[in-house]
>>> print(open('entry-v7.cif').read())   # mmCIF, C-alpha atoms and all ligand atoms
data_work
#
loop_
_atom_site.label_atom_id
_atom_site.label_comp_id
_atom_site.auth_asym_id
_atom_site.auth_seq_id
_atom_site.Cartn_x
_atom_site.Cartn_y
_atom_site.Cartn_z
CA MET P 1 -80.54 96.81 188.17
CA ILE P 2 -79.30 93.76 190.04
CA THR P 3 -80.80 93.31 193.50
CA ALA P 4 -79.48 90.80 196.04
CA GLU P 5 -81.32 90.39 199.32
CA GLY P 6 -79.95 88.24 202.12
CA LEU P 7 -78.22 86.12 199.49
CA THR P 8 -76.57 83.09 201.08
CA LYS P 9 -74.82 80.02 199.67
CA ARG P 10 -73.58 77.18 201.76
CA PHE P 11 -71.34 74.37 200.46
CA GLY P 12 -71.45 71.79 203.25
CA ASP P 13 -70.19 73.56 206.38
CA LYS P 14 -68.77 76.46 204.40
CA LYS P 15 -70.78 79.65 203.92
CA ALA P 16 -69.35 80.86 200.61
CA VAL P 17 -71.82 83.76 200.54
CA ASP P 18 -73.24 84.90 203.83
CA ASP P 19 -76.34 87.12 203.94
CA VAL P 20 -75.26 89.47 201.18
CA SER P 21 -77.47 92.39 200.12
CA PHE P 22 -76.65 94.99 197.46
CA THR P 23 -77.99 96.73 194.40
CA VAL P 24 -76.03 97.25 191.20
CA LYS P 25 -77.39 100.31 189.45
CA PRO P 26 -77.71 100.95 185.72
CA GLY P 27 -75.63 103.64 184.07
CA SER P 28 -72.43 102.89 185.93
CA VAL P 29 -69.73 100.26 186.16
CA THR P 30 -69.72 98.44 189.49
CA GLY P 31 -66.52 96.66 190.43
CA PHE P 32 -66.79 93.45 192.43
CA LEU P 33 -63.68 92.99 194.55
CA GLY P 34 -62.47 90.64 197.23
CA PRO P 35 -59.68 88.20 198.11
CA ASN P 36 -59.52 84.70 196.61
CA GLY P 37 -62.42 82.65 197.92
CA ALA P 38 -64.40 85.71 199.08
CA GLY P 39 -67.53 84.58 197.24
CA LYS P 40 -67.54 86.78 194.13
CA SER P 41 -67.91 84.02 191.54
CA THR P 42 -70.48 82.18 193.65
CA THR P 43 -72.53 85.39 193.89
CA MET P 44 -72.27 85.91 190.13
CA ARG P 45 -73.24 82.30 189.52
CA MET P 46 -76.33 82.75 191.70
CA ILE P 47 -77.30 85.89 189.75
CA VAL P 48 -77.45 83.83 186.55
CA GLY P 49 -79.00 80.71 188.08
CA LEU P 50 -75.92 78.47 187.92
CA ASP P 51 -75.89 78.09 191.70
CA LYS P 52 -79.08 77.97 193.74
CA PRO P 53 -79.10 80.23 196.81
CA THR P 54 -79.36 78.41 200.13
CA ASP P 55 -81.23 81.47 201.34
CA GLY P 56 -82.22 84.90 200.11
CA SER P 57 -82.75 86.00 196.54
CA VAL P 58 -81.24 87.84 193.63
CA THR P 59 -83.01 89.42 190.67
CA VAL P 60 -82.09 91.29 187.52
CA ASN P 61 -84.56 94.06 186.73
CA GLY P 62 -86.99 92.42 189.14
CA GLN P 63 -86.84 88.99 187.50
CA SER P 64 -84.94 85.94 188.61
CA TYR P 65 -82.68 84.66 185.81
CA GLY P 66 -84.43 81.29 185.69
CA THR P 67 -87.75 82.87 184.76
CA MET P 68 -86.41 84.95 181.85
CA LYS P 69 -87.79 83.89 178.47
CA ALA P 70 -84.77 85.09 176.48
CA PRO P 71 -81.95 85.45 179.01
CA LEU P 72 -79.24 86.23 176.41
CA THR P 73 -81.07 89.42 175.51
CA GLU P 74 -81.43 90.43 179.16
CA VAL P 75 -78.11 89.49 180.78
CA GLY P 76 -74.71 89.03 179.14
CA VAL P 77 -72.54 86.73 181.19
CA LEU P 78 -68.85 85.90 181.17
CA LEU P 79 -68.10 83.45 183.95
CA ASP P 80 -65.81 80.69 182.87
CA ALA P 81 -64.31 81.54 179.50
CA LYS P 82 -62.96 78.00 179.15
CA ALA P 83 -66.46 76.48 179.34
CA VAL P 84 -66.75 76.45 175.54
CA HIS P 85 -67.59 73.43 173.38
CA THR P 86 -64.05 72.71 172.28
CA GLY P 87 -64.81 70.92 169.01
CA ARG P 88 -66.69 73.78 167.40
CA SER P 89 -65.30 76.84 165.71
CA ALA P 90 -65.80 80.09 167.59
CA ARG P 91 -68.28 81.20 164.91
CA ASP P 92 -70.30 77.99 165.12
CA HIS P 93 -70.31 78.19 168.91
CA LEU P 94 -71.76 81.69 168.75
CA ARG P 95 -74.19 80.70 165.96
CA ALA P 96 -75.46 77.80 168.08
CA MET P 97 -76.01 80.15 171.02
CA ALA P 98 -77.69 82.72 168.77
CA ALA P 99 -80.03 80.10 167.30
CA THR P 100 -81.51 79.36 170.72
CA HIS P 101 -82.77 82.96 170.84
CA GLY P 102 -83.55 83.63 167.18
CA ILE P 103 -80.61 86.03 167.01
CA PRO P 104 -79.54 86.50 163.36
CA ASN P 105 -76.12 85.38 162.08
CA SER P 106 -75.38 89.01 161.19
CA ARG P 107 -75.26 89.74 164.94
CA VAL P 108 -72.80 86.85 165.38
CA ASP P 109 -70.51 88.49 162.82
CA GLU P 110 -70.93 91.83 164.59
CA VAL P 111 -69.84 90.50 168.01
CA ILE P 112 -66.95 88.60 166.40
CA ASP P 113 -65.71 91.92 164.98
CA LEU P 114 -66.42 93.79 168.22
CA ALA P 115 -64.35 91.31 170.25
CA GLY P 116 -61.54 91.29 167.67
CA ILE P 117 -61.62 87.56 166.87
CA GLY P 118 -62.45 87.83 163.16
CA SER P 119 -59.18 86.25 162.05
CA VAL P 120 -59.70 83.13 164.20
CA ALA P 121 -63.49 82.81 164.12
CA ARG P 122 -63.32 79.66 161.96
CA LYS P 123 -60.76 77.97 164.21
CA ARG P 124 -61.75 75.45 166.86
CA ALA P 125 -62.42 77.25 170.12
CA GLY P 126 -60.54 74.49 171.94
CA LYS P 127 -57.31 75.68 170.29
CA PHE P 128 -57.75 79.22 171.57
CA SER P 129 -55.22 80.87 173.87
CA LEU P 130 -56.46 82.13 177.25
CA GLY P 131 -56.87 85.63 175.86
CA MET P 132 -58.66 84.54 172.67
CA GLY P 133 -60.99 82.35 174.77
CA GLN P 134 -61.68 85.37 176.92
CA ARG P 135 -62.51 87.46 173.85
CA LEU P 136 -64.85 84.69 172.64
CA GLY P 137 -66.53 84.67 176.05
CA ILE P 138 -67.02 88.43 175.84
CA ALA P 139 -68.43 88.09 172.30
CA ALA P 140 -70.91 85.50 173.65
CA ALA P 141 -71.92 87.84 176.46
CA LEU P 142 -72.70 90.59 173.95
CA LEU P 143 -74.64 88.41 171.54
CA GLY P 144 -78.14 89.38 172.70
CA ASP P 145 -77.25 93.08 173.13
CA PRO P 146 -78.25 92.73 176.80
CA HIS P 147 -79.03 95.58 179.16
CA THR P 148 -77.04 93.94 181.97
CA LEU P 149 -73.47 92.64 181.83
CA ILE P 150 -71.92 90.34 184.42
CA LEU P 151 -68.26 89.79 183.73
CA ASP P 152 -66.05 87.69 186.01
CA GLU P 153 -62.38 88.60 185.47
CA PRO P 154 -62.94 89.74 181.86
CA VAL P 155 -59.38 91.03 181.39
CA ASN P 156 -57.76 87.83 182.66
CA GLY P 157 -55.20 86.82 180.04
CA LEU P 158 -55.90 89.71 177.70
CA ASP P 159 -53.09 91.64 176.06
CA PRO P 160 -52.85 95.40 176.75
CA GLU P 161 -54.96 96.22 173.68
CA GLY P 162 -57.63 93.82 174.92
CA VAL P 163 -57.54 95.25 178.44
CA LEU P 164 -58.00 98.75 177.06
CA TRP P 165 -60.83 97.56 174.82
CA VAL P 166 -62.70 95.96 177.75
CA ARG P 167 -62.27 99.13 179.80
CA GLN P 168 -63.56 101.36 177.01
CA PHE P 169 -66.33 98.93 176.14
CA VAL P 170 -67.76 98.65 179.66
CA ARG P 171 -67.49 102.41 180.17
CA TYR P 172 -69.40 102.91 176.93
CA ALA P 173 -71.99 100.28 177.89
CA ALA P 174 -72.57 102.07 181.21
CA SER P 175 -72.84 105.43 179.45
CA GLU P 176 -75.65 103.94 177.38
CA GLY P 177 -77.49 103.21 180.64
CA ARG P 178 -76.59 99.53 180.94
CA THR P 179 -75.87 97.80 184.24
CA VAL P 180 -72.33 96.44 184.48
CA LEU P 181 -70.98 94.22 187.26
CA LEU P 182 -67.35 93.35 186.79
CA SER P 183 -64.86 91.46 188.93
CA SER P 184 -61.10 91.80 188.73
CA HIS P 185 -58.07 91.41 190.94
CA LEU P 186 -56.24 94.12 188.99
CA MET P 187 -56.70 97.15 191.19
CA SER P 188 -55.08 99.66 188.82
CA GLU P 189 -57.41 98.48 186.07
CA MET P 190 -60.43 98.58 188.36
CA ALA P 191 -59.51 102.10 189.47
CA GLN P 192 -59.72 103.24 185.85
CA THR P 193 -62.90 101.34 185.04
CA ALA P 194 -65.33 101.31 187.96
CA ASP P 195 -67.51 104.12 189.33
CA HIS P 196 -68.70 102.13 192.30
CA VAL P 197 -67.28 99.14 194.14
CA ILE P 198 -68.66 96.31 196.22
CA VAL P 199 -66.01 94.52 198.26
CA LEU P 200 -66.62 91.02 199.60
CA GLY P 201 -64.57 89.31 202.31
CA ARG P 202 -65.27 85.82 203.66
CA GLY P 203 -68.66 85.86 201.97
CA GLN P 204 -69.81 89.18 203.44
CA VAL P 205 -70.05 92.73 202.11
CA LEU P 206 -67.13 94.73 203.52
CA ALA P 207 -67.87 97.89 201.53
CA ASP P 208 -70.39 99.16 199.00
CA ALA P 209 -69.49 102.70 197.96
CA PRO P 210 -68.48 105.01 195.13
CA LEU P 211 -64.86 104.26 194.25
CA ASP P 212 -63.49 107.70 195.18
CA GLU P 213 -65.34 107.64 198.52
CA LEU P 214 -63.89 104.21 199.32
CA VAL P 215 -60.37 105.40 198.53
CA ARG P 216 -60.85 108.54 200.62
CA SER P 217 -62.19 106.59 203.61
CA TRP P 218 -59.54 103.87 203.60
CA THR P 219 -56.36 105.76 202.73
CA THR P 220 -54.52 108.72 204.19
CA ALA P 221 -54.18 111.92 202.19
CA THR P 222 -50.66 113.38 202.43
CA VAL P 223 -48.80 116.34 200.97
CA ARG P 224 -45.31 115.98 199.56
CA VAL P 225 -43.21 119.10 200.09
CA ARG P 226 -39.74 120.01 198.89
CA THR P 227 -37.92 123.00 200.35
CA PRO P 228 -34.30 123.92 201.09
CA ARG P 229 -35.51 124.92 204.59
CA VAL P 230 -37.07 121.65 205.79
CA ALA P 231 -36.31 122.26 209.46
CA ASP P 232 -37.98 125.69 209.42
CA LEU P 233 -41.03 124.35 207.60
CA ALA P 234 -41.32 121.39 209.98
CA VAL P 235 -41.40 123.77 212.96
CA ALA P 236 -43.89 126.06 211.21
CA VAL P 237 -46.43 123.34 210.38
CA ALA P 238 -46.03 121.32 213.59
CA GLY P 239 -49.22 120.85 215.62
CA PRO P 240 -51.17 118.22 217.53
CA ALA P 241 -52.98 117.00 214.38
CA THR P 242 -49.99 117.11 212.06
CA GLU P 243 -47.64 114.26 211.30
CA ILE P 244 -44.37 115.08 209.56
CA VAL P 245 -42.15 112.47 207.96
CA SER P 246 -38.73 113.30 206.57
CA THR P 247 -38.36 111.69 203.14
CA GLY P 248 -35.04 113.23 202.06
CA PRO P 249 -32.61 116.07 202.81
CA GLU P 250 -34.99 118.59 201.26
CA SER P 251 -38.31 116.81 201.39
CA LEU P 252 -41.11 116.07 203.81
CA GLN P 253 -44.38 114.18 203.78
CA ILE P 254 -47.03 116.03 205.78
CA ILE P 255 -50.22 114.40 207.03
CA GLY P 256 -53.04 116.36 208.64
CA LEU P 257 -52.77 119.69 206.76
CA ASP P 258 -53.97 120.37 203.24
CA ALA P 259 -51.65 121.73 200.55
CA SER P 260 -53.08 125.26 200.52
CA ARG P 261 -52.64 125.64 204.28
CA ILE P 262 -49.02 124.45 204.05
CA GLY P 263 -48.44 126.90 201.18
CA ASP P 264 -49.91 129.78 203.22
CA ILE P 265 -47.79 128.94 206.29
CA ALA P 266 -44.64 128.76 204.15
CA ALA P 267 -45.46 132.07 202.42
CA ASP P 268 -46.08 133.82 205.78
CA ARG P 269 -42.58 132.84 206.90
CA GLY P 270 -40.84 133.42 203.59
CA ILE P 271 -39.94 129.73 203.25
CA PRO P 272 -39.44 128.85 199.56
CA LEU P 273 -41.27 125.74 198.34
CA HIS P 274 -39.93 123.80 195.37
CA GLU P 275 -42.74 121.29 195.39
CA LEU P 276 -46.18 121.06 197.02
CA THR P 277 -48.02 117.93 195.88
CA PRO P 278 -51.17 116.55 197.48
CA THR P 279 -51.23 112.75 197.17
CA THR P 280 -54.15 110.46 197.80
CA GLY P 281 -53.89 106.73 198.30
CA SER P 282 -54.69 104.27 195.55
CA LEU P 283 -57.55 101.81 195.25
CA GLU P 284 -54.98 99.10 195.98
CA ASP P 285 -54.04 100.82 199.27
CA ALA P 286 -57.71 101.13 200.23
CA TYR P 287 -58.45 97.53 199.21
CA LEU P 288 -55.53 96.12 201.21
CA ALA P 289 -56.51 98.15 204.28
CA LEU P 290 -60.12 97.07 203.99
CA THR P 291 -59.59 93.37 203.35
CA GLY P 292 -56.60 92.86 205.65
CA ASP P 293 -58.57 90.72 208.11
CA ALA P 294 -60.58 88.91 205.45
CA VAL P 295 -57.74 87.31 203.50
CA GLU P 296 -57.88 83.53 203.79
CA TYR P 297 -54.95 82.57 201.59
CA ARG P 298 -52.12 84.82 202.71
CA SER P 299 -48.77 84.60 200.95
CA MET P 300 -45.46 84.68 202.76
CA GLU P 301 -43.83 88.09 202.94
CA VAL P 302 -40.80 88.56 200.71
CA ALA P 303 -37.82 89.95 202.60
CA ALA P 304 -36.87 93.41 201.35
N1 LIG M 401 -68.95 74.01 194.01
C1 LIG M 401 -68.35 74.27 195.16
N2 LIG M 401 -68.24 73.33 196.12
C2 LIG M 401 -67.64 73.60 197.30
N3 LIG M 401 -67.12 74.79 197.62
C3 LIG M 401 -67.17 75.76 196.71
C4 LIG M 401 -67.79 75.57 195.43
N4 LIG M 401 -67.71 76.74 194.73
C5 LIG M 401 -67.07 77.61 195.54
N5 LIG M 401 -66.76 77.03 196.72
C6 LIG M 401 -66.07 77.69 197.85
O1 LIG M 401 -66.77 78.89 198.14
C7 LIG M 401 -65.86 79.92 198.50
C8 LIG M 401 -66.08 81.11 197.60
O2 LIG M 401 -65.58 80.80 196.31
P1 LIG M 401 -65.71 81.79 195.06
O3 LIG M 401 -65.17 81.05 193.87
O4 LIG M 401 -67.09 82.31 194.98
O5 LIG M 401 -64.73 82.96 195.48
P2 LIG M 401 -64.14 84.15 194.61
O6 LIG M 401 -64.31 85.39 195.42
O7 LIG M 401 -64.74 84.15 193.25
O8 LIG M 401 -62.60 83.75 194.54
P3 LIG M 401 -61.49 83.99 193.40
O9 LIG M 401 -61.07 85.40 193.52
O10 LIG M 401 -60.40 83.05 193.83
O11 LIG M 401 -62.09 83.64 192.08
C9 LIG M 401 -64.47 79.31 198.42
O12 LIG M 401 -64.08 78.91 199.71
C10 LIG M 401 -64.66 78.12 197.51
O13 LIG M 401 -63.73 77.11 197.81
#
>>> encode(input="entry-v7.cif", output="structure tokens", more="lines below")
Ligand SMILES: Nc1ncnc2c1ncn2[C@@H]1O[C@H](COP(=O)(O)OP(=O)(O)OP(=O)(O)O)[C@@H](O)[C@H]1O
Amino acid sequence: MITAEGLTKRFGDKKAVDDVSFTVKPGSVTGFLGPNGAGKSTTMRMIVGLDKPTDGSVTVNGQSYGTMKAPLTEVGVLLDAKAVHTGRSARDHLRAMAATHGIPNSRVDEVIDLAGIGSVARKRAGKFSLGMGQRLGIAAALLGDPHTLILDEPVNGLDPEGVLWVRQFVRYAASEGRTVLLSSHLMSEMAQTADHVIVLGRGQVLADAPLDELVRSWTTATVRVRTPRVADLAVAVAGPATEIVSTGPESLQIIGLDASRIGDIAADRGIPLHELTPTTGSLEDAYLALTGDAVEYRSMEVAA
């Protein structure tokens, strides 16, 4: 369990993290989301003692990272995959880390295989591609078989096989009862990986909820209907709480009525339906709606 209470970090005038409180529970994958500069990395750095909070506190299983006797066996961290001693081979880098904790070399070989870097383990880490560096960073995080994993953008630069591996790995780790906090800007990936999400914006918590609840709260459920009698159906379902959008000569999007009710109304009037599909919004839709006002670095719109 990771517990942040009133966690605050100021860099000069800038409050990068502003009175943030949350708990990250074991047994599930918690996604950490937010626009560029929202404070995710700074929060993660404070969890593992790389940045000192200006105010507040953060603990992992009740202990602050700095007081842990063997941190590698408690918390696996991937923060900056490029922060590797470039002259050493990947294997030597991991062996050097392992030696600080009395972790046997056999475990080094295990994590090398787990992360899929066996064929390059004797190469200098400085020559690694972004994706290979990322895999090495993940191997390092797993070295001490920790109960808690903190992974900042772990799929950044990974090929599709690597992305799938990370997803399956963190899901498995959570199923074993581990605590997993994971940041990513890839919403489709996050939607498949996380059970719970914490969204930061301008250093503050904008949402802290189960993923499906967040999507339900921040998107609109609609029903896509196809019928040769669109006009009749539109009249039949019309009401003060119903919004009807024509999406084609034989299709409608209906908001405000669920699919079974629309089906019943159509059946009552003998209107044939060729399609009746409830659609919910995506995590990306929910995220964009939620963070709309908290985006600092907004790109220019591309003309359609
Ligand atoms: N060492 C530092 N000195 C000064 N400002 C910093 C420092 N580290 C972070 N910041 C600032 O703190 C804010 C939060 O940055 P942070 O890297 O935590 O955001 P983030 O949510 O991880 O962003 P991204 O998605 O771009 O990685 C930003 O405005 C950043 O410029």
>>> residues_near_ligand(input="entry-v7.cif", ligand="ligand LIG 401 (chain M)", cutoff="6 Å", atoms="all atoms listed in the file", output="PyMOL selection string")
chain P and resi 11+16+34-42
>>> atom_distance(input="entry-v7.cif", atom1="atom CA of P:Gly62", atom2="atom CA of P:Thr3")
7.6 Å
>>> atom_distance(input="entry-v7.cif", atom1="atom CA of P:Met187", atom2="atom CA of P:Leu114")
25.2 Å
>>> closest_residue(input="entry-v7.cif", among="P:Ser251, P:Val235, P:Met46, P:Pro240", to="P:Ala266", atoms="all atoms listed in the file")
P:Val235
>>> residues_around(input="entry-v7.cif", residues="P:Met190", least_positions_apart="4", cutoff="12 Å", atoms="all atoms listed in the file", output="mmCIF file with C-alpha atoms, keeping the file's coordinate frame")
data_model
loop_
_atom_site.group_PDB
_atom_site.id
_atom_site.type_symbol
_atom_site.label_atom_id
_atom_site.label_comp_id
_atom_site.auth_asym_id
_atom_site.auth_seq_id
_atom_site.Cartn_x
_atom_site.Cartn_y
_atom_site.Cartn_z
ATOM 1 C CA VAL P 29 -69.730 100.260 186.160
ATOM 2 C CA THR P 30 -69.720 98.440 189.490
ATOM 3 C CA GLY P 31 -66.520 96.660 190.430
ATOM 4 C CA PHE P 32 -66.790 93.450 192.430
ATOM 5 C CA LEU P 33 -63.680 92.990 194.550
ATOM 6 C CA GLU P 153 -62.380 88.600 185.470
ATOM 7 C CA PRO P 154 -62.940 89.740 181.860
ATOM 8 C CA VAL P 155 -59.380 91.030 181.390
ATOM 9 C CA VAL P 163 -57.540 95.250 178.440
ATOM 10 C CA LEU P 164 -58.000 98.750 177.060
ATOM 11 C CA VAL P 166 -62.700 95.960 177.750
ATOM 12 C CA ARG P 167 -62.270 99.130 179.800
ATOM 13 C CA VAL P 170 -67.760 98.650 179.660
ATOM 14 C CA ARG P 171 -67.490 102.410 180.170
ATOM 15 C CA LEU P 181 -70.980 94.220 187.260
ATOM 16 C CA LEU P 182 -67.350 93.350 186.790
ATOM 17 C CA SER P 183 -64.860 91.460 188.930
ATOM 18 C CA SER P 184 -61.100 91.800 188.730
ATOM 19 C CA HIS P 185 -58.070 91.410 190.940
ATOM 20 C CA LEU P 186 -56.240 94.120 188.990
ATOM 21 C CA ALA P 194 -65.330 101.310 187.960
ATOM 22 C CA ASP P 195 -67.510 104.120 189.330
ATOM 23 C CA HIS P 196 -68.700 102.130 192.300
ATOM 24 C CA VAL P 197 -67.280 99.140 194.140
ATOM 25 C CA ILE P 198 -68.660 96.310 196.220
ATOM 26 C CA LEU P 211 -64.860 104.260 194.250
ATOM 27 C CA ASP P 212 -63.490 107.700 195.180
ATOM 28 C CA SER P 282 -54.690 104.270 195.550
ATOM 29 C CA LEU P 283 -57.550 101.810 195.250
ATOM 30 C CA GLU P 284 -54.980 99.100 195.980
ATOM 31 C CA TYR P 287 -58.450 97.530 199.210
#
>>> atom_distance(input="entry-v7.cif", atom1="atom CA of P:Gly87", atom2="atom CA of P:Gly126")
6.3 Å
>>> closest_residue(input="entry-v7.cif", among="P:Ala121, P:Ile2, P:Val108, P:Ala96", to="P:Glu74", atoms="all atoms listed in the file")
P:Ile2
>>> residues_around(input="entry-v7.cif", residues="stretch 134-140 of chain P", least_positions_apart="4", cutoff="7 Å", atoms="all atoms listed in the file", output="PyMOL selection string")
chain P and resi 78+81+90+94+111-112+115+130+154
>>> closest_residue(input="entry-v7.cif", among="P:Ile271, P:Met97, P:Ala174, P:Val295", to="P:Ala231", atoms="all atoms listed in the file")
P:Ile271
>>> residues_near_point(input="entry-v7.cif", point="(-32.4, 116.2, 198.5)", cutoff="10 Å", atoms="all atoms listed in the file", output="compact mmCIF listing (two decimals) with C-alpha atoms, in the frame of the given file")
# COMPACT_ATOMS: atom_id res chain seq x y z
CA ARG P 226 -39.74 120.01 198.89
CA THR P 227 -37.92 123.00 200.35
CA PRO P 228 -34.30 123.92 201.09
CA THR P 247 -38.36 111.69 203.14
CA GLY P 248 -35.04 113.23 202.06
CA PRO P 249 -32.61 116.07 202.81
CA GLU P 250 -34.99 118.59 201.26
CA SER P 251 -38.31 116.81 201.39
>>> residues_around(input="entry-v7.cif", residues="P:Ser106", least_positions_apart="4", cutoff="12 Å", atoms="only C-alpha atoms", output="compact mmCIF listing (two decimals) with C-alpha atoms, in the frame of the given file")
# COMPACT_ATOMS: atom_id res chain seq x y z
CA ARG P 91 -68.28 81.20 164.91
CA LEU P 94 -71.76 81.69 168.75
CA ARG P 95 -74.19 80.70 165.96
CA ALA P 98 -77.69 82.72 168.77
CA ALA P 99 -80.03 80.10 167.30
CA GLY P 102 -83.55 83.63 167.18
CA GLU P 110 -70.93 91.83 164.59
CA VAL P 111 -69.84 90.50 168.01
CA ILE P 112 -66.95 88.60 166.40
CA ASP P 113 -65.71 91.92 164.98
CA LEU P 143 -74.64 88.41 171.54
CA GLY P 144 -78.14 89.38 172.70
>>> residues_around(input="entry-v7.cif", residues="P:Ala236", least_positions_apart="6", cutoff="12 Å", atoms="only C-alpha atoms", output="PyMOL selection string")
chain P and resi 229-230+242+244+254+257+261-271
>>> closest_residue(input="entry-v7.cif", among="P:Lys9, P:Ala125, P:Gly292, P:Thr59", to="P:Leu206", atoms="only C-alpha atoms")
P:Gly292
>>> residues_around(input="entry-v7.cif", residues="P:Met44", least_positions_apart="4", cutoff="8 Å", atoms="all atoms listed in the file", output="PyMOL selection string")
chain P and resi 40+48+79+150+152
>>> closest_residue(input="entry-v7.cif", among="P:Val225, P:Leu149, P:Leu72, P:Val180", to="P:Pro272", atoms="only C-alpha atoms")
P:Val225
>>> residues_near_point(input="entry-v7.cif", point="(-69.9, 86.8, 200.0)", cutoff="7 Å", atoms="all atoms listed in the file", output="list of chain:residue names")
P:Ala16, P:Val17, P:Asp18, P:Val20, P:Ala38, P:Gly39, P:Lys40, P:Thr43, P:Leu200, P:Gly201, P:Arg202, P:Gly203, P:Gln204, P:Val205
>>> write_last_selection(input="entry-v7.cif", atoms="C-alpha atoms", output="PDB file, in the frame of the given file")
ATOM      1  CA  ALA P  16     -69.350  80.860 200.610  1.00  0.00           C
ATOM      2  CA  VAL P  17     -71.820  83.760 200.540  1.00  0.00           C
ATOM      3  CA  ASP P  18     -73.240  84.900 203.830  1.00  0.00           C
ATOM      4  CA  VAL P  20     -75.260  89.470 201.180  1.00  0.00           C
ATOM      5  CA  ALA P  38     -64.400  85.710 199.080  1.00  0.00           C
ATOM      6  CA  GLY P  39     -67.530  84.580 197.240  1.00  0.00           C
ATOM      7  CA  LYS P  40     -67.540  86.780 194.130  1.00  0.00           C
ATOM      8  CA  THR P  43     -72.530  85.390 193.890  1.00  0.00           C
ATOM      9  CA  LEU P 200     -66.620  91.020 199.600  1.00  0.00           C
ATOM     10  CA  GLY P 201     -64.570  89.310 202.310  1.00  0.00           C
ATOM     11  CA  ARG P 202     -65.270  85.820 203.660  1.00  0.00           C
ATOM     12  CA  GLY P 203     -68.660  85.860 201.970  1.00  0.00           C
ATOM     13  CA  GLN P 204     -69.810  89.180 203.440  1.00  0.00           C
ATOM     14  CA  VAL P 205     -70.050  92.730 202.110  1.00  0.00           C
TER      15      VAL P 205
END
